[in-house]
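A.B. asks: Quick one: this structure, given as structure tokens, is what I'll be asking you about.
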Amino acid sequence: MKRILIPTDFSANAYKAMEYAIYLFEREPCTFYLLNAQETNTGSDRTERVTDPNVKMMEDLFKEVNIKNTNPEHFYKREVIYDALVNAVGKTVISRNVDYIFMGTKGSTAAREIFMGSNALKVIKNIDFCPVVAVPETYDYDLPDEILFPTDFKSTYEEFGLKPLKEIAGLWGSKIRILHITEEEQFNEVQVKNRKKLGRLLKNFTYTREEIVKYNNISKVIARYSENRAIGMVAMINNKHSFPEKLFREPVIRNVVFRIKVPFLVMPDIT
């Protein structure tokens with residue numbers, strides 16, 4: 001039984017993330033946890049909580065989801081927590097032993113969201129112990145026939161660390177495109193070793209490898225590549241010490257969240 005957390009502020013992009021999660025895992029037994037977090041004093045006592053409009057909206061959403069989704073192997077739970085979003089998500093991930101978090105994003109045109117930081121980005125940055133799938137609000141969802149996996153081959157890959165990628169690829173027989181983006185002309189010894197290990201870990205999947213050398217802006221490269229090749233999902237390991245920030249000197253995870261037009265799976269770095 002998969003346990004999937006869907007934080008919601010009852011917006012269109014949160015609803016899209018919920019629909020996509022239900023659609024993606026339609027063949028899997030799942031429990032979906034709908035979570036609304038409020039960083040206010042509202043609901044500080046029982047009387048206020050009963051009259052809180054968010055509680056009513058959660059009940060309405062819960063009823064709607066149960067009416068629309070009749071999959072006998074899908075179950076839904078809901079909760080309104082009076083705490084900061086990141087705290088509420090972190091506590092729920094631990095207490096419910098959550099496997100995935102699905103959240104909506106507003107996309108690259110939302111300048112204010114980029115400046116202030118979206119809720120999805122806050123969760124990705126702070127909840128580094130659970131995979132997060134960021135779903136663009138404008139995404140007309142479909143099955144991920146191909147999953148793009150950008151990497152620099154400089155980090156050691158582990159079976160558990162790649163589990164989210166392998167699980168989602170295995171749901172619908174997705175092909176994995178390994179995209180190596182680098183400044184170097186040749187692999188060093190560590191990269192050769194890691195590339196071979198990645199191949200062994202993905203031996204039961206259909207995958208290809210491609211290289212792009214001497215990029216200008218890695219997040220733009222990833223976004224452009226995913227659009228030109230009809231990629232259905234982008235997956236990356238949130239390695240804070242190499243690929244996203246140190247090597248390329250740009251906040252790749254943040255920029256990719258806002259630039260790509262397909263779901264973005266961010267996997268924790270367990271090395």
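Labeling convention for the structure tokens: chains A, B, ... as they appear, residues from 1 per chain, ligands from 1 in order of appearance.
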I'd like the contact shell of A:Arg224 - 10 Å cut-off, only C-alpha atoms, skipping same-chain residues fewer than 5 positions apart - returned as a ChimeraX atom specification.
C.D. replies: /A:218-219,229,259-261
A.B. asks: Store the residues picked out above in a file with N, CA, C and O atoms, as a tab-separated table (two decimals), in the first residue's frame.
C.D. replies:
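Resulting contents of part.tsv:
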```
chain	number	residue	atom	x	y	z
A	218	ILE	N	21.89	25.15	-17.22
A	218	ILE	CA	21.45	23.76	-17.14
A	218	ILE	C	19.94	23.62	-17.01
A	218	ILE	O	19.33	22.73	-17.61
A	219	SER	N	19.30	24.51	-16.25
A	219	SER	CA	17.85	24.39	-16.09
A	219	SER	C	17.13	24.65	-17.41
A	219	SER	O	16.13	24.01	-17.72
A	229	ARG	N	11.55	16.51	-26.80
A	229	ARG	CA	11.48	15.06	-26.93
A	229	ARG	C	10.26	14.46	-26.26
A	229	ARG	O	10.21	13.29	-25.96
A	259	ARG	N	10.43	26.05	-14.58
A	259	ARG	CA	10.58	26.11	-16.03
A	259	ARG	C	9.93	24.95	-16.77
A	259	ARG	O	9.40	25.14	-17.86
A	260	ILE	N	10.01	23.76	-16.23
A	260	ILE	CA	9.51	22.62	-16.99
A	260	ILE	C	7.99	22.57	-16.96
A	260	ILE	O	7.35	23.07	-16.04
A	261	LYS	N	7.43	21.94	-17.99
A	261	LYS	CA	5.99	21.89	-18.15
A	261	LYS	C	5.42	20.50	-17.87
A	261	LYS	O	4.27	20.22	-18.19
```
A.B. asks: Using only C-alpha atoms, which protein or nucleic acid residues come within 10 Å of A:Asn238? Drop anything in the same chain fewer than 5 positions from it, and give the result as a list of chain:residue names.
C.D. replies: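 Within the cut-off, the hits are A:Ile124, A:Lys125, A:Asp128, A:Pro131, A:Phe243, A:Pro244, A:Glu245, A:Val252, A:Ile253, A:Leu265, A:Val266, A:Met267, A:Pro268, A:Asp269, A:Ile270.
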A.B. asks: Contacts of stretch 14-25 of chain A at 7 Å or less, counting only C-alpha atoms, minus same-chain residues fewer than 6 places along, as a list of chain:residue names?
C.D. replies: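 Surrounding residues, per the criterion: A:Ile6, A:Thr8, A:Phe102, A:Met103, A:Gly104, A:Val135, A:Glu137, A:Tyr141, A:Leu143.
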A.B. asks: Could you dump the residues just selected with N, CA, C and O atoms as a JSON list (two decimals), in the first residue's frame?
C.D. replies:
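Okay, this is what ended up in selection-v1.json:
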```
[["chain", "number", "residue", "atom", "x", "y", "z"],
["A", 6, "ILE", "N", -0.78, 14.76, -0.08],
["A", 6, "ILE", "CA", -1.12, 15.84, -1.01],
["A", 6, "ILE", "C", -1.49, 17.08, -0.20],
["A", 6, "ILE", "O", -2.64, 17.23, 0.23],
["A", 8, "THR", "N", -2.74, 20.70, 0.35],
["A", 8, "THR", "CA", -3.66, 21.48, -0.48],
["A", 8, "THR", "C", -4.03, 22.79, 0.19],
["A", 8, "THR", "O", -4.21, 22.86, 1.41],
["A", 102, "PHE", "N", 2.96, 14.93, -3.37],
["A", 102, "PHE", "CA", 2.59, 15.54, -4.64],
["A", 102, "PHE", "C", 2.10, 16.96, -4.39],
["A", 102, "PHE", "O", 1.21, 17.17, -3.57],
["A", 103, "MET", "N", 2.70, 17.93, -5.12],
["A", 103, "MET", "CA", 2.31, 19.32, -4.93],
["A", 103, "MET", "C", 2.21, 20.03, -6.28],
["A", 103, "MET", "O", 2.92, 19.68, -7.23],
["A", 104, "GLY", "N", 1.34, 21.01, -6.35],
["A", 104, "GLY", "CA", 1.18, 21.78, -7.57],
["A", 104, "GLY", "C", 2.13, 22.97, -7.60],
["A", 104, "GLY", "O", 2.54, 23.49, -6.56],
["A", 135, "VAL", "N", 3.90, 19.22, -9.72],
["A", 135, "VAL", "CA", 3.03, 19.10, -10.90],
["A", 135, "VAL", "C", 2.61, 20.50, -11.37],
["A", 135, "VAL", "O", 1.93, 21.22, -10.63],
["A", 137, "GLU", "N", 0.60, 23.52, -12.88],
["A", 137, "GLU", "CA", -0.84, 23.76, -12.92],
["A", 137, "GLU", "C", -1.39, 23.58, -14.33],
["A", 137, "GLU", "O", -2.52, 23.12, -14.52],
["A", 141, "TYR", "N", -2.26, 16.26, -17.97],
["A", 141, "TYR", "CA", -1.55, 15.06, -17.57],
["A", 141, "TYR", "C", -1.79, 13.85, -18.46],
["A", 141, "TYR", "O", -2.85, 13.64, -19.02],
["A", 143, "LEU", "N", 0.35, 9.70, -19.12],
["A", 143, "LEU", "CA", 1.29, 8.75, -18.55],
["A", 143, "LEU", "C", 2.71, 9.10, -19.00],
["A", 143, "LEU", "O", 2.93, 9.51, -20.14]]
```
A.B. asks: Would you mind reading off the distance between atom CA of A:Lys2 and atom CA of A:Glu39, one decimal, in Å?
C.D. replies: 28.1 Å
A.B. asks: Please identify all polymer residues within 8 Å of A:Glu28, counting only C-alpha atoms, omitting same-chain residues fewer than 4 positions from it, and present them as a list in words.
C.D. replies: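 Close residues of A:Glu28: Met1, Lys2, Glu73 and His74 of chain A.
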A.B. asks: Go through A:Val93, A:Ala223, A:Val190, A:Val133 and flag the residue nearest A:Phe153, using only C-alpha atoms for the distances.
C.D. replies: A:Val190
A.B. asks: Choose the residue, out of A:Val86, A:Leu162, A:Leu198, A:Val256, that has the smallest atom-to-atom separation from A:Ile237; count only C-alpha atoms.
C.D. replies: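 That would be A:Leu162, the residue with the smallest distance to A:Ile237.
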A.B. asks: Using DSSP assignments from the backbone, pull out every residue in stretch 175-264 of chain A that falls under alpha helix (DSSP H) and give it to me as a PyMOL selection string.
C.D. replies: chain A and resi 189-201+218-228+252-259
A.B. asks: Can you measure atom CA of A:Thr70 to atom CA of A:Tyr33 for me? One decimal in Å is fine.
C.D. replies: 16.3 Å
A.B. asks: Quote the spacing between atom CA of A:Pro72 and atom CA of A:Pro7 in Å to one decimal place.
C.D. replies: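 Atom CA of A:Pro72 sits 22.6 Å away from atom CA of A:Pro7.
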A.B. asks: From a DSSP calculation on the backbone, collect every residue of stretch 155-188 of chain A in strand (DSSP E or B) and output the set as a ChimeraX atom specification.
C.D. replies: /A:175-182
A.B. asks: Could you name the residues that touch A:Leu5 at 9 Å or less, counting only C-alpha atoms, but leaving out those on the same chain fewer than 3 positions away, as a ChimeraX atom specification?
C.D. replies: /A:31-35,89,92-93,96,98-103
A.B. asks: I'd like to know which of A:Leu121, A:Val55, A:Cys130, A:Ala230 is closest to A:Ile94, using only C-alpha atoms.
C.D. replies: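 Nearest candidate to A:Ile94 out of A:Leu121, A:Val55, A:Cys130, A:Ala230: A:Cys130.
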